[in-house]
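Right, one structure below, let's go through it.
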Amino acid sequence: MTVPLDEVEISSKFSEGSEEVLEEEEEEEDEWEMNFQRKILPMDRLQLAVQEMKNDERTNAAGFPKREFIVCASLIDKVPNLAGLCRTGEIFAVEKIVIPDASVMKMDIFKSISVGAEAWLEVEECKEEDLLPWLMKRKQENYNIVGLEQTSSSVSLSNFQFQDRTVLLLGKEKEGIPVELLKVVDECLEVPQFGIIRSLNVHVTGAIATWEYSKQMMAEMT
């Protein structure tokens, strides 16, 4: 029996089309399996990824280890002092800076003094009225609360030994640290002074104390 030529051509084209469809289905199946495998990470790779995230939290943007040192400036209201403390904190890789109002970071005067430090540093907002419970929570987390204040029992910074986990509480520009907050402070320290004027700018004292903490921590690492 002789099969017409046109039927042979149709049969051949149908066969070729079926093969192409099968190839496409196989390719789609292979691609699906590949994507499925990409989405499911082996446990060791998952643990490595989590560890890398934790490591990132322990280092600053420059790759240096963050210090467990929190500078609490919730009692400070002058924008230049807050901006200067942010700049100092970023330079010395502190854990975070606490300020009374996060909106000040949008001000031009803040930006001009901080030179962008707030972009590389964790900044937390805590208003003065919320400061007492905030400090109590840090004590529960085993932070040593250190007040930078001139009192009858203050220890000179030159003789002071910082603990690894420390909150440095800075006082108001004129009044200092309120009595109700001094009651929850673990220790008070002061910067030794030898001049007639017995009052340093709060940003300056905060920067000096932050550097002293950093110096002590670096000495422990060597």
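Letters A, B, ... go to the chains of the structure tokens in the order shown; residues in each chain start at 1; ligands are counted from 1 in the same order.
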Mind the document's chain letters and residue numbers, and return as a ChimeraX atom specification the residues of range 28-221 of chain A that DSSP labels strand (DSSP E). /A:69-72,96-99,123-125,144-148,155-156,166-170,187-190
Would you export the selected residues with N, CA and C atoms as a PDB file, in the first residue's frame, please?
```pdb
ATOM      1  N   PHE A  69      28.963  49.148  74.855  1.00  0.00           N
ATOM      2  CA  PHE A  69      29.014  50.438  75.523  1.00  0.00           C
ATOM      3  C   PHE A  69      27.931  51.323  74.936  1.00  0.00           C
ATOM      4  N   ILE A  70      26.974  51.686  75.757  1.00  0.00           N
ATOM      5  CA  ILE A  70      25.851  52.502  75.312  1.00  0.00           C
ATOM      6  C   ILE A  70      25.992  53.900  75.907  1.00  0.00           C
ATOM      7  N   VAL A  71      25.955  54.901  75.058  1.00  0.00           N
ATOM      8  CA  VAL A  71      25.988  56.285  75.514  1.00  0.00           C
ATOM      9  C   VAL A  71      24.558  56.790  75.576  1.00  0.00           C
ATOM     10  N   CYS A  72      24.095  57.066  76.789  1.00  0.00           N
ATOM     11  CA  CYS A  72      22.719  57.515  76.983  1.00  0.00           C
ATOM     12  C   CYS A  72      22.697  59.028  77.132  1.00  0.00           C
ATOM     13  N   LYS A  96      25.461  51.703  70.771  1.00  0.00           N
ATOM     14  CA  LYS A  96      24.401  52.598  70.318  1.00  0.00           C
ATOM     15  C   LYS A  96      24.472  53.916  71.083  1.00  0.00           C
ATOM     16  N   ILE A  97      23.766  54.896  70.546  1.00  0.00           N
ATOM     17  CA  ILE A  97      23.565  56.186  71.201  1.00  0.00           C
ATOM     18  C   ILE A  97      22.068  56.323  71.472  1.00  0.00           C
ATOM     19  N   VAL A  98      21.723  56.781  72.661  1.00  0.00           N
ATOM     20  CA  VAL A  98      20.315  56.976  73.022  1.00  0.00           C
ATOM     21  C   VAL A  98      20.055  58.470  73.152  1.00  0.00           C
ATOM     22  N   ILE A  99      19.075  58.956  72.409  1.00  0.00           N
ATOM     23  CA  ILE A  99      18.778  60.388  72.402  1.00  0.00           C
ATOM     24  C   ILE A  99      17.291  60.604  72.698  1.00  0.00           C
ATOM     25  N   VAL A 123      20.975  54.376  66.586  1.00  0.00           N
ATOM     26  CA  VAL A 123      20.496  55.474  67.421  1.00  0.00           C
ATOM     27  C   VAL A 123      19.103  55.111  67.912  1.00  0.00           C
ATOM     28  N   GLU A 124      18.931  55.116  69.223  1.00  0.00           N
ATOM     29  CA  GLU A 124      17.648  54.761  69.830  1.00  0.00           C
ATOM     30  C   GLU A 124      17.027  55.995  70.478  1.00  0.00           C
ATOM     31  N   GLU A 125      15.731  56.111  70.359  1.00  0.00           N
ATOM     32  CA  GLU A 125      15.026  57.227  70.993  1.00  0.00           C
ATOM     33  C   GLU A 125      14.467  56.784  72.343  1.00  0.00           C
ATOM     34  N   ASN A 144      26.290  47.687  83.477  1.00  0.00           N
ATOM     35  CA  ASN A 144      26.681  48.514  84.611  1.00  0.00           C
ATOM     36  C   ASN A 144      26.332  49.962  84.275  1.00  0.00           C
ATOM     37  N   ILE A 145      25.485  50.584  85.075  1.00  0.00           N
ATOM     38  CA  ILE A 145      25.046  51.951  84.811  1.00  0.00           C
ATOM     39  C   ILE A 145      26.023  52.916  85.462  1.00  0.00           C
ATOM     40  N   VAL A 146      26.702  53.701  84.655  1.00  0.00           N
ATOM     41  CA  VAL A 146      27.711  54.637  85.142  1.00  0.00           C
ATOM     42  C   VAL A 146      27.243  56.056  84.848  1.00  0.00           C
ATOM     43  N   GLY A 147      27.110  56.841  85.896  1.00  0.00           N
ATOM     44  CA  GLY A 147      26.707  58.228  85.730  1.00  0.00           C
ATOM     45  C   GLY A 147      27.918  59.140  85.662  1.00  0.00           C
ATOM     46  N   LEU A 148      27.963  59.976  84.669  1.00  0.00           N
ATOM     47  CA  LEU A 148      29.071  60.932  84.538  1.00  0.00           C
ATOM     48  C   LEU A 148      28.631  62.211  85.250  1.00  0.00           C
ATOM     49  N   VAL A 155      34.113  58.701  91.404  1.00  0.00           N
ATOM     50  CA  VAL A 155      35.471  58.188  91.224  1.00  0.00           C
ATOM     51  C   VAL A 155      36.124  58.925  90.065  1.00  0.00           C
ATOM     52  N   SER A 156      37.361  59.304  90.229  1.00  0.00           N
ATOM     53  CA  SER A 156      38.079  59.969  89.147  1.00  0.00           C
ATOM     54  C   SER A 156      38.232  59.022  87.957  1.00  0.00           C
ATOM     55  N   THR A 166      28.535  48.365  79.653  1.00  0.00           N
ATOM     56  CA  THR A 166      28.380  49.623  80.381  1.00  0.00           C
ATOM     57  C   THR A 166      27.407  50.555  79.668  1.00  0.00           C
ATOM     58  N   VAL A 167      26.570  51.196  80.458  1.00  0.00           N
ATOM     59  CA  VAL A 167      25.757  52.318  79.982  1.00  0.00           C
ATOM     60  C   VAL A 167      26.332  53.578  80.611  1.00  0.00           C
ATOM     61  N   LEU A 168      26.732  54.515  79.781  1.00  0.00           N
ATOM     62  CA  LEU A 168      27.240  55.795  80.262  1.00  0.00           C
ATOM     63  C   LEU A 168      26.089  56.792  80.239  1.00  0.00           C
ATOM     64  N   LEU A 169      25.626  57.191  81.425  1.00  0.00           N
ATOM     65  CA  LEU A 169      24.512  58.121  81.543  1.00  0.00           C
ATOM     66  C   LEU A 169      25.052  59.537  81.677  1.00  0.00           C
ATOM     67  N   LEU A 170      24.681  60.376  80.723  1.00  0.00           N
ATOM     68  CA  LEU A 170      25.116  61.772  80.730  1.00  0.00           C
ATOM     69  C   LEU A 170      23.995  62.655  81.289  1.00  0.00           C
ATOM     70  N   GLU A 187      27.511  53.378  89.615  1.00  0.00           N
ATOM     71  CA  GLU A 187      28.724  54.117  89.970  1.00  0.00           C
ATOM     72  C   GLU A 187      28.682  55.490  89.320  1.00  0.00           C
ATOM     73  N   CYS A 188      29.342  56.452  89.955  1.00  0.00           N
ATOM     74  CA  CYS A 188      29.494  57.775  89.363  1.00  0.00           C
ATOM     75  C   CYS A 188      30.974  58.043  89.130  1.00  0.00           C
ATOM     76  N   LEU A 189      31.271  58.660  88.012  1.00  0.00           N
ATOM     77  CA  LEU A 189      32.661  59.025  87.740  1.00  0.00           C
ATOM     78  C   LEU A 189      32.717  60.468  87.282  1.00  0.00           C
ATOM     79  N   GLU A 190      33.873  61.059  87.411  1.00  0.00           N
ATOM     80  CA  GLU A 190      34.080  62.428  86.963  1.00  0.00           C
ATOM     81  C   GLU A 190      35.442  62.550  86.302  1.00  0.00           C
TER      82      GLU A 190
END
```
Taking the DSSP assignment computed from this structure's backbone, write out as a PyMOL selection string all residues of range 46-210 of chain A that belong to helix (DSSP H, G or I). chain A and resi 46-57+79-91+102-106+108-114+117-119+128-140+157-159+179-182+202-210
Taking 2 positions as the minimum chain separation for residues in the same chain, which residues sit within 10 Å of Asp101 in chain A when counting only C-alpha atoms? Answer as an MDAnalysis selection string. chainID A and resid 74 76:77 79 82 98:99 103:105 124:128
Next, the residues of the selection above should be written as a short mmCIF file (atom, residue, chain, number, x, y, z; two decimals), in the first residue's frame with all heavy atoms.
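Final output, again.cif:
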```cif
data_model
loop_
_atom_site.label_atom_id
_atom_site.label_comp_id
_atom_site.auth_asym_id
_atom_site.auth_seq_id
_atom_site.Cartn_x
_atom_site.Cartn_y
_atom_site.Cartn_z
N SER A 74 19.76 60.90 76.79
CA SER A 74 18.35 61.26 76.82
C SER A 74 18.07 62.54 77.60
O SER A 74 17.00 63.14 77.45
CB SER A 74 17.52 60.11 77.42
OG SER A 74 17.51 59.00 76.55
N ILE A 76 19.93 65.24 77.41
CA ILE A 76 20.56 66.36 76.69
C ILE A 76 19.59 66.89 75.65
O ILE A 76 18.98 66.12 74.91
CB ILE A 76 21.87 65.89 76.02
CG1 ILE A 76 22.86 65.43 77.10
CG2 ILE A 76 22.48 67.00 75.18
CD1 ILE A 76 24.09 64.78 76.55
N ASP A 77 19.45 68.21 75.59
CA ASP A 77 18.50 68.78 74.63
C ASP A 77 19.15 69.65 73.56
O ASP A 77 18.48 70.05 72.61
CB ASP A 77 17.41 69.57 75.35
CG ASP A 77 17.97 70.66 76.26
OD1 ASP A 77 19.16 70.99 76.12
OD2 ASP A 77 17.21 71.17 77.12
N VAL A 79 21.07 70.33 70.35
CA VAL A 79 21.34 69.53 69.15
C VAL A 79 22.84 69.38 68.85
O VAL A 79 23.28 68.28 68.50
CB VAL A 79 20.60 70.14 67.93
CG1 VAL A 79 20.95 69.38 66.65
CG2 VAL A 79 19.10 70.12 68.16
N LEU A 82 24.23 66.53 70.92
CA LEU A 82 23.74 65.23 70.48
C LEU A 82 24.45 64.79 69.20
O LEU A 82 24.84 63.62 69.07
CB LEU A 82 22.23 65.27 70.25
CG LEU A 82 21.36 65.49 71.50
CD1 LEU A 82 19.91 65.74 71.11
CD2 LEU A 82 21.46 64.29 72.42
N VAL A 98 21.72 56.78 72.66
CA VAL A 98 20.32 56.98 73.02
C VAL A 98 20.06 58.47 73.15
O VAL A 98 20.76 59.16 73.90
CB VAL A 98 19.97 56.26 74.34
CG1 VAL A 98 18.49 56.40 74.66
CG2 VAL A 98 20.36 54.78 74.26
N ILE A 99 19.07 58.96 72.41
CA ILE A 99 18.78 60.39 72.40
C ILE A 99 17.29 60.60 72.70
O ILE A 99 16.48 59.67 72.53
CB ILE A 99 19.16 61.05 71.06
CG1 ILE A 99 18.35 60.45 69.90
CG2 ILE A 99 20.65 60.88 70.80
CD1 ILE A 99 18.63 61.11 68.56
N SER A 103 13.97 62.88 65.79
CA SER A 103 13.72 63.81 64.69
C SER A 103 14.85 64.85 64.53
O SER A 103 14.96 65.46 63.47
CB SER A 103 12.39 64.53 64.88
OG SER A 103 12.41 65.37 66.02
N VAL A 104 15.66 65.04 65.57
CA VAL A 104 16.74 66.03 65.47
C VAL A 104 17.77 65.63 64.42
O VAL A 104 18.50 66.49 63.90
CB VAL A 104 17.45 66.24 66.83
CG1 VAL A 104 16.48 66.72 67.88
CG2 VAL A 104 18.15 64.96 67.30
N MET A 105 17.81 64.35 64.09
CA MET A 105 18.78 63.88 63.10
C MET A 105 18.50 64.41 61.71
O MET A 105 19.35 64.34 60.82
CB MET A 105 18.83 62.35 63.09
CG MET A 105 19.38 61.74 64.37
SD MET A 105 19.61 59.94 64.25
CE MET A 105 17.91 59.38 64.24
N GLU A 124 18.93 55.12 69.22
CA GLU A 124 17.65 54.76 69.83
C GLU A 124 17.03 55.99 70.48
O GLU A 124 17.73 56.81 71.08
CB GLU A 124 17.85 53.67 70.88
CG GLU A 124 16.57 53.24 71.59
CD GLU A 124 16.79 52.16 72.63
OE1 GLU A 124 17.88 51.53 72.60
OE2 GLU A 124 15.90 51.94 73.46
N GLU A 125 15.73 56.11 70.36
CA GLU A 125 15.03 57.23 70.99
C GLU A 125 14.47 56.78 72.34
O GLU A 125 13.81 55.74 72.45
CB GLU A 125 13.89 57.73 70.11
CG GLU A 125 13.10 58.88 70.73
CD GLU A 125 11.96 59.36 69.86
OE1 GLU A 125 12.25 60.02 68.84
OE2 GLU A 125 10.79 59.06 70.18
N CYS A 126 14.74 57.57 73.37
CA CYS A 126 14.16 57.34 74.69
C CYS A 126 13.98 58.71 75.35
O CYS A 126 14.97 59.39 75.65
CB CYS A 126 15.06 56.44 75.54
SG CYS A 126 14.42 56.16 77.21
N LYS A 127 12.76 59.09 75.55
CA LYS A 127 12.48 60.38 76.15
C LYS A 127 12.79 60.35 77.65
O LYS A 127 12.83 59.29 78.27
CB LYS A 127 11.02 60.77 75.90
CG LYS A 127 10.68 60.89 74.41
CD LYS A 127 9.28 61.41 74.20
CE LYS A 127 8.95 61.48 72.71
NZ LYS A 127 9.87 62.37 71.97
N GLU A 128 12.98 61.54 78.21
CA GLU A 128 13.36 61.64 79.62
C GLU A 128 12.35 60.94 80.53
O GLU A 128 12.74 60.25 81.49
CB GLU A 128 13.51 63.10 80.03
CG GLU A 128 13.95 63.27 81.47
CD GLU A 128 14.15 64.72 81.87
OE1 GLU A 128 14.16 65.59 80.98
OE2 GLU A 128 14.30 64.98 83.09
#
```
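The space separating CA of Ser114 in chain A from CA of Lys139 in chain A comes to 29.1 Å.
CA of Gly176 in chain A sits 15.2 Å away from CA of Leu132 in chain A.
For the pair CA of Ala73 in chain A and CA of Glu141 in chain A, the separation is 19.0 Å.
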